[in-house]
file coords-v7.txt (compact mmCIF, C-alpha atoms)
# COMPACT_ATOMS: atom_id res chain seq x y z
CA MET A 1 76.04 104.50 189.40
CA LEU A 2 75.58 104.12 185.66
CA LEU A 3 74.12 100.65 186.18
CA LEU A 4 71.81 101.94 188.91
CA PHE A 5 70.29 104.58 186.64
CA TRP A 6 70.21 102.18 183.70
CA THR A 7 68.17 99.67 185.70
CA GLN A 8 65.77 102.47 186.62
CA TYR A 9 64.96 103.45 183.03
CA ARG A 10 61.25 102.70 183.47
CA ASN A 11 60.90 105.19 186.32
CA LEU A 12 62.95 107.75 184.39
CA ASN A 13 60.75 107.33 181.30
CA LEU A 14 57.66 107.59 183.50
CA MET A 15 58.97 110.87 184.95
CA LEU A 16 58.98 112.30 181.42
CA LEU A 17 55.23 111.77 181.18
CA GLY A 18 54.44 113.83 184.28
CA ASP A 19 53.05 113.31 187.76
CA GLU A 20 49.42 112.94 186.71
CA VAL A 21 50.19 110.10 184.31
CA SER A 22 52.46 108.33 186.81
CA ILE A 23 49.80 108.50 189.53
CA THR A 24 47.21 107.24 187.04
CA LEU A 25 49.52 104.30 186.28
CA GLY A 26 49.85 103.57 190.00
CA THR A 27 53.29 104.96 190.70
CA ASP A 28 53.97 107.99 192.88
CA LEU A 29 57.37 109.26 191.82
CA HIS A 30 57.90 111.84 194.59
CA LYS A 31 60.33 109.71 196.67
CA VAL A 32 62.05 108.33 193.58
CA ARG A 33 62.52 111.83 192.14
CA ASN A 34 64.09 113.06 195.39
CA MET A 35 66.44 110.05 195.47
CA TYR A 36 67.48 110.66 191.85
CA MET A 37 68.08 114.35 192.53
CA ILE A 38 70.29 113.60 195.54
CA LEU A 39 72.25 110.88 193.72
CA SER A 40 72.76 112.92 190.57
CA SER A 41 73.77 116.01 192.57
CA LEU A 42 76.35 113.99 194.47
CA MET A 43 77.66 112.43 191.25
CA VAL A 44 78.01 115.79 189.49
CA GLY A 45 79.55 117.39 192.58
CA PHE A 46 82.18 114.68 192.94
CA ALA A 47 82.90 114.67 189.20
CA VAL A 48 83.51 118.42 189.15
CA TYR A 49 85.53 118.18 192.37
CA ALA A 50 87.74 115.41 190.98
CA ALA A 51 88.05 116.47 187.36
CA GLY A 52 87.31 120.19 187.31
CA MET A 53 85.32 121.68 184.46
CA ILE A 54 85.49 118.43 182.52
CA GLY A 55 82.28 117.60 184.38
CA PHE A 56 80.66 120.23 182.14
CA VAL A 57 80.48 117.47 179.52
CA GLY A 58 77.83 115.83 181.66
CA LEU A 59 75.54 118.79 180.99
CA ILE A 60 75.94 119.01 177.23
CA ILE A 61 76.30 115.41 176.00
CA PRO A 62 72.97 114.13 177.42
CA HIS A 63 71.07 117.00 175.79
CA ALA A 64 72.72 116.34 172.44
CA ILE A 65 72.00 112.61 172.69
CA ARG A 66 68.38 113.33 173.63
CA MET A 67 67.95 115.54 170.56
CA LEU A 68 69.53 112.95 168.24
CA PHE A 69 68.21 109.63 169.57
CA GLY A 70 65.06 110.42 171.54
CA THR A 71 64.05 110.27 175.16
CA ASP A 72 64.06 106.54 175.96
CA HIS A 73 66.42 106.17 178.90
CA MET A 74 67.12 102.52 178.05
CA LYS A 75 69.06 103.76 174.99
CA MET A 76 70.03 107.19 176.25
CA ILE A 77 72.02 106.27 179.39
CA PRO A 78 74.59 103.97 177.72
CA LEU A 79 74.79 106.27 174.68
CA CYS A 80 75.53 109.25 176.93
CA ALA A 81 78.27 107.37 178.76
CA LEU A 82 79.86 106.16 175.54
CA THR A 83 79.55 109.50 173.72
CA GLY A 84 80.86 111.44 176.72
CA ALA A 85 83.90 109.17 176.95
CA ILE A 86 84.61 109.43 173.22
CA PHE A 87 84.17 113.23 173.34
CA LEU A 88 86.66 113.51 176.23
CA ILE A 89 89.20 111.29 174.47
CA TRP A 90 89.06 113.38 171.30
CA SER A 91 89.13 116.61 173.31
CA ASP A 92 92.29 115.38 175.03
CA VAL A 93 93.83 114.54 171.67
CA ALA A 94 92.91 118.00 170.36
CA CYS A 95 94.42 119.67 173.44
CA ARG A 96 97.70 117.89 172.84
CA ILE A 97 97.74 118.84 169.14
CA ILE A 98 96.48 122.47 169.12
CA LEU A 99 99.51 124.09 170.75
CA PRO A 100 102.86 122.82 169.45
CA ASN A 101 105.41 121.84 172.12
CA SER A 102 102.89 122.33 174.92
CA GLU A 103 99.54 121.06 176.12
CA MET A 104 96.37 123.12 176.48
CA PRO A 105 94.30 122.38 179.62
CA ILE A 106 91.33 120.25 178.62
CA GLY A 107 88.94 122.35 180.72
CA ILE A 108 89.55 125.33 178.44
CA LEU A 109 88.68 123.41 175.28
CA ILE A 110 85.64 121.81 176.91
CA SER A 111 84.40 125.24 178.00
CA ILE A 112 84.99 126.72 174.53
CA ILE A 113 82.89 123.94 173.01
CA GLY A 114 80.34 123.53 175.80
CA ALA A 115 79.43 127.12 176.65
CA PRO A 116 77.98 128.01 173.22
CA CYS A 117 76.11 124.70 173.12
CA PHE A 118 74.67 125.32 176.58
CA ILE A 119 73.64 128.87 175.65
CA TYR A 120 72.01 127.54 172.47
CA LEU A 121 70.00 125.03 174.50
CA MET A 122 68.87 127.77 176.88
CA VAL A 123 67.84 130.13 174.07
CA ARG A 124 66.14 127.50 171.93
CA ARG A 125 62.45 127.44 172.77
CA SER A 126 61.41 124.22 171.02
CA TYR A 127 63.56 121.89 173.14
CA GLY A 128 61.60 119.46 175.28
CA PHE A 129 62.48 116.65 177.62
CA GLY A 130 59.88 114.31 176.22
CA GLY A 131 56.16 114.07 175.83
CA ASP A 132 54.75 117.18 174.12
CA LYS A 133 57.27 118.82 171.79
CA SER A 134 55.24 121.98 171.07
call {"tool": "encode", "arguments": {"input": "coords-v7.txt", "output": "structure tokens"}}
result
Amino acid sequence: MLLLFWTQYRNLNLMLLGDEVSITLGTDLHKVRNMYMILSSLMVGFAVYAAGMIGFVGLIIPHAIRMLFGTDHMKMIPLCALTGAIFLIWSDVACRIILPNSEMPIGILISIIGAPCFIYLMVRRSYGFGGDKS
């Protein structure tokens, strides 16, 4: 699925510009947007089903990458995959180290880190998905 979305970076970048611009450029993104919504919903649903709250990483990491590196999906998609994997590896290491002689569930640590970040993103008013940042 990662490769599918990575090959579709042009449509994803075009979606950031809005429907009026995409229609002006000759592309109606209505069907593509619905396909992306269905695919991403299925991916998130299966990830949370299989891994539990670890799928919460998929909500926070892309927003952080977007704030740090910009909105170009050609760069953002592989960076999100790599950063999410690295974050989970280090979270697993931290869960094994925090409590001596036992192991903390990784979902707890991910929630402790992710919930404040998610609340910050919701409260912050200047965050944008691309285009106009005002």
call {"tool": "residues_near_point", "arguments": {"input": "coords-v7.txt", "point": "(81.4, 121.7, 175.8)", "cutoff": "10 Å", "atoms": "all atoms listed in the file", "output": "short mmCIF file (atom, residue, chain, number, x, y, z; two decimals) with C-alpha atoms, in the coordinates of the input"}}
result
data_model
loop_
_atom_site.label_atom_id
_atom_site.label_comp_id
_atom_site.auth_asym_id
_atom_site.auth_seq_id
_atom_site.Cartn_x
_atom_site.Cartn_y
_atom_site.Cartn_z
CA MET A 53 85.32 121.68 184.46
CA ILE A 54 85.49 118.43 182.52
CA GLY A 55 82.28 117.60 184.38
CA PHE A 56 80.66 120.23 182.14
CA VAL A 57 80.48 117.47 179.52
CA GLY A 58 77.83 115.83 181.66
CA LEU A 59 75.54 118.79 180.99
CA ILE A 60 75.94 119.01 177.23
CA ILE A 61 76.30 115.41 176.00
CA PHE A 87 84.17 113.23 173.34
CA LEU A 88 86.66 113.51 176.23
CA SER A 91 89.13 116.61 173.31
CA GLY A 107 88.94 122.35 180.72
CA ILE A 108 89.55 125.33 178.44
CA LEU A 109 88.68 123.41 175.28
CA ILE A 110 85.64 121.81 176.91
CA SER A 111 84.40 125.24 178.00
CA ILE A 112 84.99 126.72 174.53
CA ILE A 113 82.89 123.94 173.01
CA GLY A 114 80.34 123.53 175.80
CA ALA A 115 79.43 127.12 176.65
CA PRO A 116 77.98 128.01 173.22
CA CYS A 117 76.11 124.70 173.12
CA PHE A 118 74.67 125.32 176.58
#
call {"tool": "atom_distance", "arguments": {"input": "coords-v7.txt", "atom1": "atom CA of A:Phe69", "atom2": "atom CA of A:Leu29"}}
result
24.8 Å
call {"tool": "closest_residue", "arguments": {"input": "coords-v7.txt", "among": "A:Arg10, A:Val93, A:Leu2, A:Ile106", "to": "A:Met43", "atoms": "all atoms listed in the file"}}
result
A:Leu2
call {"tool": "residues_around", "arguments": {"input": "coords-v7.txt", "residues": "A:Glu103", "least_positions_apart": "5", "cutoff": "10 Å", "atoms": "only C-alpha atoms", "output": "ChimeraX atom specification"}}
result
/A:92-98
call {"tool": "residues_around", "arguments": {"input": "coords-v7.txt", "residues": "A:Ile77", "least_positions_apart": "4", "cutoff": "9 Å", "atoms": "only C-alpha atoms", "output": "PDB file with C-alpha atoms, in the frame of the given file"}}
result
ATOM      1  CA  LEU A   2      75.580 104.120 185.660  1.00  0.00           C
ATOM      2  CA  PHE A   5      70.290 104.580 186.640  1.00  0.00           C
ATOM      3  CA  TRP A   6      70.210 102.180 183.700  1.00  0.00           C
ATOM      4  CA  TYR A   9      64.960 103.450 183.030  1.00  0.00           C
ATOM      5  CA  PRO A  62      72.970 114.130 177.420  1.00  0.00           C
ATOM      6  CA  ASP A  72      64.060 106.540 175.960  1.00  0.00           C
ATOM      7  CA  HIS A  73      66.420 106.170 178.900  1.00  0.00           C
ATOM      8  CA  ALA A  81      78.270 107.370 178.760  1.00  0.00           C
ATOM      9  CA  LEU A  82      79.860 106.160 175.540  1.00  0.00           C
TER      10      LEU A  82
END
call {"tool": "atom_distance", "arguments": {"input": "coords-v7.txt", "atom1": "atom CA of A:Gly45", "atom2": "atom CA of A:Arg33"}}
result
17.9 Å
call {"tool": "atom_distance", "arguments": {"input": "coords-v7.txt", "atom1": "atom CA of A:Leu68", "atom2": "atom CA of A:Val44"}}
result
23.1 Å
call {"tool": "axis_aligned_box", "arguments": {"input": "coords-v7.txt", "around": "stretch 50-67 of chain A", "padding_each_side": "5 Å", "output": "AutoDock Vina command-line options"}}
result
--center_x 78.0 --center_y 117.1 --center_z 180.8 --size_x 30.1 --size_y 19.1 --size_z 30.4
call {"tool": "closest_atom_pairs", "arguments": {"input": "coords-v7.txt", "of": "stretch 47-129 of chain A", "to": "stretch 13-23 of chain A", "cutoff": "12 Å", "atoms": "all atoms listed in the file", "output": "Markdown table"}}
result
| residue | atom | partner | partner_atom | distance |
| --- | --- | --- | --- | --- |
| A:Gly70 | CA | A:Asn13 | CA | 11.1 |
| A:Thr71 | CA | A:Asn13 | CA | 7.6 |
| A:Asp72 | CA | A:Asn13 | CA | 6.3 |
| A:His73 | CA | A:Asn13 | CA | 6.3 |
| A:Met74 | CA | A:Asn13 | CA | 8.6 |
| A:Lys75 | CA | A:Asn13 | CA | 11.0 |
| A:Met76 | CA | A:Asn13 | CA | 10.6 |
| A:Ile77 | CA | A:Asn13 | CA | 11.5 |
| A:Gly128 | CA | A:Leu16 | CA | 9.8 |
| A:Phe129 | CA | A:Leu16 | CA | 6.8 |
call {"tool": "decode", "arguments": {"input": "coords-v7.txt", "residues": "stretch 41-67 of chain A", "atoms": "N, CA, C and O atoms", "output": "PDB file, in the first residue's frame"}}
result
ATOM      1  N   SER A  41      -8.893   4.175   5.180  1.00  0.00           N
ATOM      2  CA  SER A  41      -9.726   3.694   6.292  1.00  0.00           C
ATOM      3  C   SER A  41      -9.505   2.211   6.538  1.00  0.00           C
ATOM      4  O   SER A  41      -9.405   1.773   7.690  1.00  0.00           O
ATOM      5  N   LEU A  42      -9.444   1.438   5.468  1.00  0.00           N
ATOM      6  CA  LEU A  42      -9.186   0.004   5.619  1.00  0.00           C
ATOM      7  C   LEU A  42      -7.799  -0.248   6.205  1.00  0.00           C
ATOM      8  O   LEU A  42      -7.638  -1.111   7.080  1.00  0.00           O
ATOM      9  N   MET A  43      -6.803   0.500   5.744  1.00  0.00           N
ATOM     10  CA  MET A  43      -5.449   0.318   6.261  1.00  0.00           C
ATOM     11  C   MET A  43      -5.373   0.641   7.743  1.00  0.00           C
ATOM     12  O   MET A  43      -4.783  -0.125   8.526  1.00  0.00           O
ATOM     13  N   VAL A  44      -5.962   1.756   8.155  1.00  0.00           N
ATOM     14  CA  VAL A  44      -5.932   2.139   9.567  1.00  0.00           C
ATOM     15  C   VAL A  44      -6.729   1.135  10.399  1.00  0.00           C
ATOM     16  O   VAL A  44      -6.302   0.735  11.489  1.00  0.00           O
ATOM     17  N   GLY A  45      -7.883   0.718   9.892  1.00  0.00           N
ATOM     18  CA  GLY A  45      -8.701  -0.252  10.623  1.00  0.00           C
ATOM     19  C   GLY A  45      -7.970  -1.563  10.855  1.00  0.00           C
ATOM     20  O   GLY A  45      -7.968  -2.097  11.966  1.00  0.00           O
ATOM     21  N   PHE A  46      -7.336  -2.088   9.820  1.00  0.00           N
ATOM     22  CA  PHE A  46      -6.590  -3.333   9.976  1.00  0.00           C
ATOM     23  C   PHE A  46      -5.357  -3.155  10.851  1.00  0.00           C
ATOM     24  O   PHE A  46      -4.989  -4.055  11.599  1.00  0.00           O
ATOM     25  N   ALA A  47      -4.705  -1.999  10.773  1.00  0.00           N
ATOM     26  CA  ALA A  47      -3.532  -1.766  11.617  1.00  0.00           C
ATOM     27  C   ALA A  47      -3.922  -1.732  13.087  1.00  0.00           C
ATOM     28  O   ALA A  47      -3.247  -2.328  13.930  1.00  0.00           O
ATOM     29  N   VAL A  48      -5.011  -1.041  13.407  1.00  0.00           N
ATOM     30  CA  VAL A  48      -5.452  -0.974  14.804  1.00  0.00           C
ATOM     31  C   VAL A  48      -5.963  -2.340  15.259  1.00  0.00           C
ATOM     32  O   VAL A  48      -5.730  -2.752  16.395  1.00  0.00           O
ATOM     33  N   TYR A  49      -6.636  -3.058  14.364  1.00  0.00           N
ATOM     34  CA  TYR A  49      -7.110  -4.405  14.697  1.00  0.00           C
ATOM     35  C   TYR A  49      -5.938  -5.335  15.006  1.00  0.00           C
ATOM     36  O   TYR A  49      -5.961  -6.071  15.981  1.00  0.00           O
ATOM     37  N   ALA A  50      -4.901  -5.273  14.190  1.00  0.00           N
ATOM     38  CA  ALA A  50      -3.778  -6.198  14.344  1.00  0.00           C
ATOM     39  C   ALA A  50      -2.825  -5.777  15.458  1.00  0.00           C
ATOM     40  O   ALA A  50      -2.298  -6.628  16.173  1.00  0.00           O
ATOM     41  N   ALA A  51      -2.595  -4.488  15.604  1.00  0.00           N
ATOM     42  CA  ALA A  51      -1.549  -4.041  16.524  1.00  0.00           C
ATOM     43  C   ALA A  51      -2.073  -3.276  17.725  1.00  0.00           C
ATOM     44  O   ALA A  51      -1.293  -2.894  18.582  1.00  0.00           O
ATOM     45  N   GLY A  52      -3.343  -2.994  17.783  1.00  0.00           N
ATOM     46  CA  GLY A  52      -3.887  -2.240  18.908  1.00  0.00           C
ATOM     47  C   GLY A  52      -3.607  -0.760  18.748  1.00  0.00           C
ATOM     48  O   GLY A  52      -3.549  -0.233  17.645  1.00  0.00           O
ATOM     49  N   MET A  53      -3.385  -0.089  19.846  1.00  0.00           N
ATOM     50  CA  MET A  53      -3.210   1.361  19.835  1.00  0.00           C
ATOM     51  C   MET A  53      -1.881   1.801  19.233  1.00  0.00           C
ATOM     52  O   MET A  53      -1.620   2.990  19.139  1.00  0.00           O
ATOM     53  N   ILE A  54      -1.063   0.882  18.812  1.00  0.00           N
ATOM     54  CA  ILE A  54       0.171   1.266  18.142  1.00  0.00           C
ATOM     55  C   ILE A  54      -0.174   1.989  16.842  1.00  0.00           C
ATOM     56  O   ILE A  54       0.576   2.838  16.377  1.00  0.00           O
ATOM     57  N   GLY A  55      -1.320   1.693  16.267  1.00  0.00           N
ATOM     58  CA  GLY A  55      -1.768   2.377  15.064  1.00  0.00           C
ATOM     59  C   GLY A  55      -1.960   3.870  15.267  1.00  0.00           C
ATOM     60  O   GLY A  55      -2.057   4.631  14.303  1.00  0.00           O
ATOM     61  N   PHE A  56      -1.984   4.313  16.527  1.00  0.00           N
ATOM     62  CA  PHE A  56      -2.091   5.732  16.860  1.00  0.00           C
ATOM     63  C   PHE A  56      -0.898   6.509  16.316  1.00  0.00           C
ATOM     64  O   PHE A  56      -0.995   7.693  16.045  1.00  0.00           O
ATOM     65  N   VAL A  57       0.209   5.818  16.116  1.00  0.00           N
ATOM     66  CA  VAL A  57       1.411   6.442  15.557  1.00  0.00           C
ATOM     67  C   VAL A  57       1.107   6.985  14.171  1.00  0.00           C
ATOM     68  O   VAL A  57       1.622   8.028  13.774  1.00  0.00           O
ATOM     69  N   GLY A  58       0.260   6.289  13.443  1.00  0.00           N
ATOM     70  CA  GLY A  58      -0.098   6.716  12.100  1.00  0.00           C
ATOM     71  C   GLY A  58      -0.857   8.025  12.060  1.00  0.00           C
ATOM     72  O   GLY A  58      -1.004   8.630  10.992  1.00  0.00           O
ATOM     73  N   LEU A  59      -1.343   8.488  13.187  1.00  0.00           N
ATOM     74  CA  LEU A  59      -2.011   9.788  13.236  1.00  0.00           C
ATOM     75  C   LEU A  59      -1.043  10.910  13.577  1.00  0.00           C
ATOM     76  O   LEU A  59      -1.200  12.032  13.106  1.00  0.00           O
ATOM     77  N   ILE A  60      -0.054  10.634  14.385  1.00  0.00           N
ATOM     78  CA  ILE A  60       0.833  11.680  14.881  1.00  0.00           C
ATOM     79  C   ILE A  60       2.051  11.885  13.976  1.00  0.00           C
ATOM     80  O   ILE A  60       2.401  13.017  13.643  1.00  0.00           O
ATOM     81  N   ILE A  61       2.702  10.828  13.574  1.00  0.00           N
ATOM     82  CA  ILE A  61       3.939  10.928  12.794  1.00  0.00           C
ATOM     83  C   ILE A  61       3.741  11.712  11.490  1.00  0.00           C
ATOM     84  O   ILE A  61       4.541  12.601  11.194  1.00  0.00           O
ATOM     85  N   PRO A  62       2.693  11.448  10.700  1.00  0.00           N
ATOM     86  CA  PRO A  62       2.544  12.233   9.457  1.00  0.00           C
ATOM     87  C   PRO A  62       2.382  13.733   9.699  1.00  0.00           C
ATOM     88  O   PRO A  62       2.897  14.544   8.935  1.00  0.00           O
ATOM     89  N   HIS A  63       1.691  14.106  10.768  1.00  0.00           N
ATOM     90  CA  HIS A  63       1.532  15.534  11.069  1.00  0.00           C
ATOM     91  C   HIS A  63       2.866  16.160  11.462  1.00  0.00           C
ATOM     92  O   HIS A  63       3.180  17.284  11.062  1.00  0.00           O
ATOM     93  N   ALA A  64       3.652  15.433  12.232  1.00  0.00           N
ATOM     94  CA  ALA A  64       4.959  15.957  12.629  1.00  0.00           C
ATOM     95  C   ALA A  64       5.882  16.084  11.414  1.00  0.00           C
ATOM     96  O   ALA A  64       6.579  17.093  11.262  1.00  0.00           O
ATOM     97  N   ILE A  65       5.864  15.092  10.550  1.00  0.00           N
ATOM     98  CA  ILE A  65       6.691  15.140   9.336  1.00  0.00           C
ATOM     99  C   ILE A  65       6.250  16.289   8.437  1.00  0.00           C
ATOM    100  O   ILE A  65       7.070  17.002   7.860  1.00  0.00           O
ATOM    101  N   ARG A  66       4.945  16.493   8.324  1.00  0.00           N
ATOM    102  CA  ARG A  66       4.422  17.589   7.498  1.00  0.00           C
ATOM    103  C   ARG A  66       4.879  18.943   8.038  1.00  0.00           C
ATOM    104  O   ARG A  66       5.215  19.840   7.278  1.00  0.00           O
ATOM    105  N   MET A  67       4.905  19.105   9.348  1.00  0.00           N
ATOM    106  CA  MET A  67       5.346  20.371   9.930  1.00  0.00           C
ATOM    107  C   MET A  67       6.846  20.587   9.735  1.00  0.00           C
ATOM    108  O   MET A  67       7.293  21.705   9.543  1.00  0.00           O
TER     109      MET A  67
END
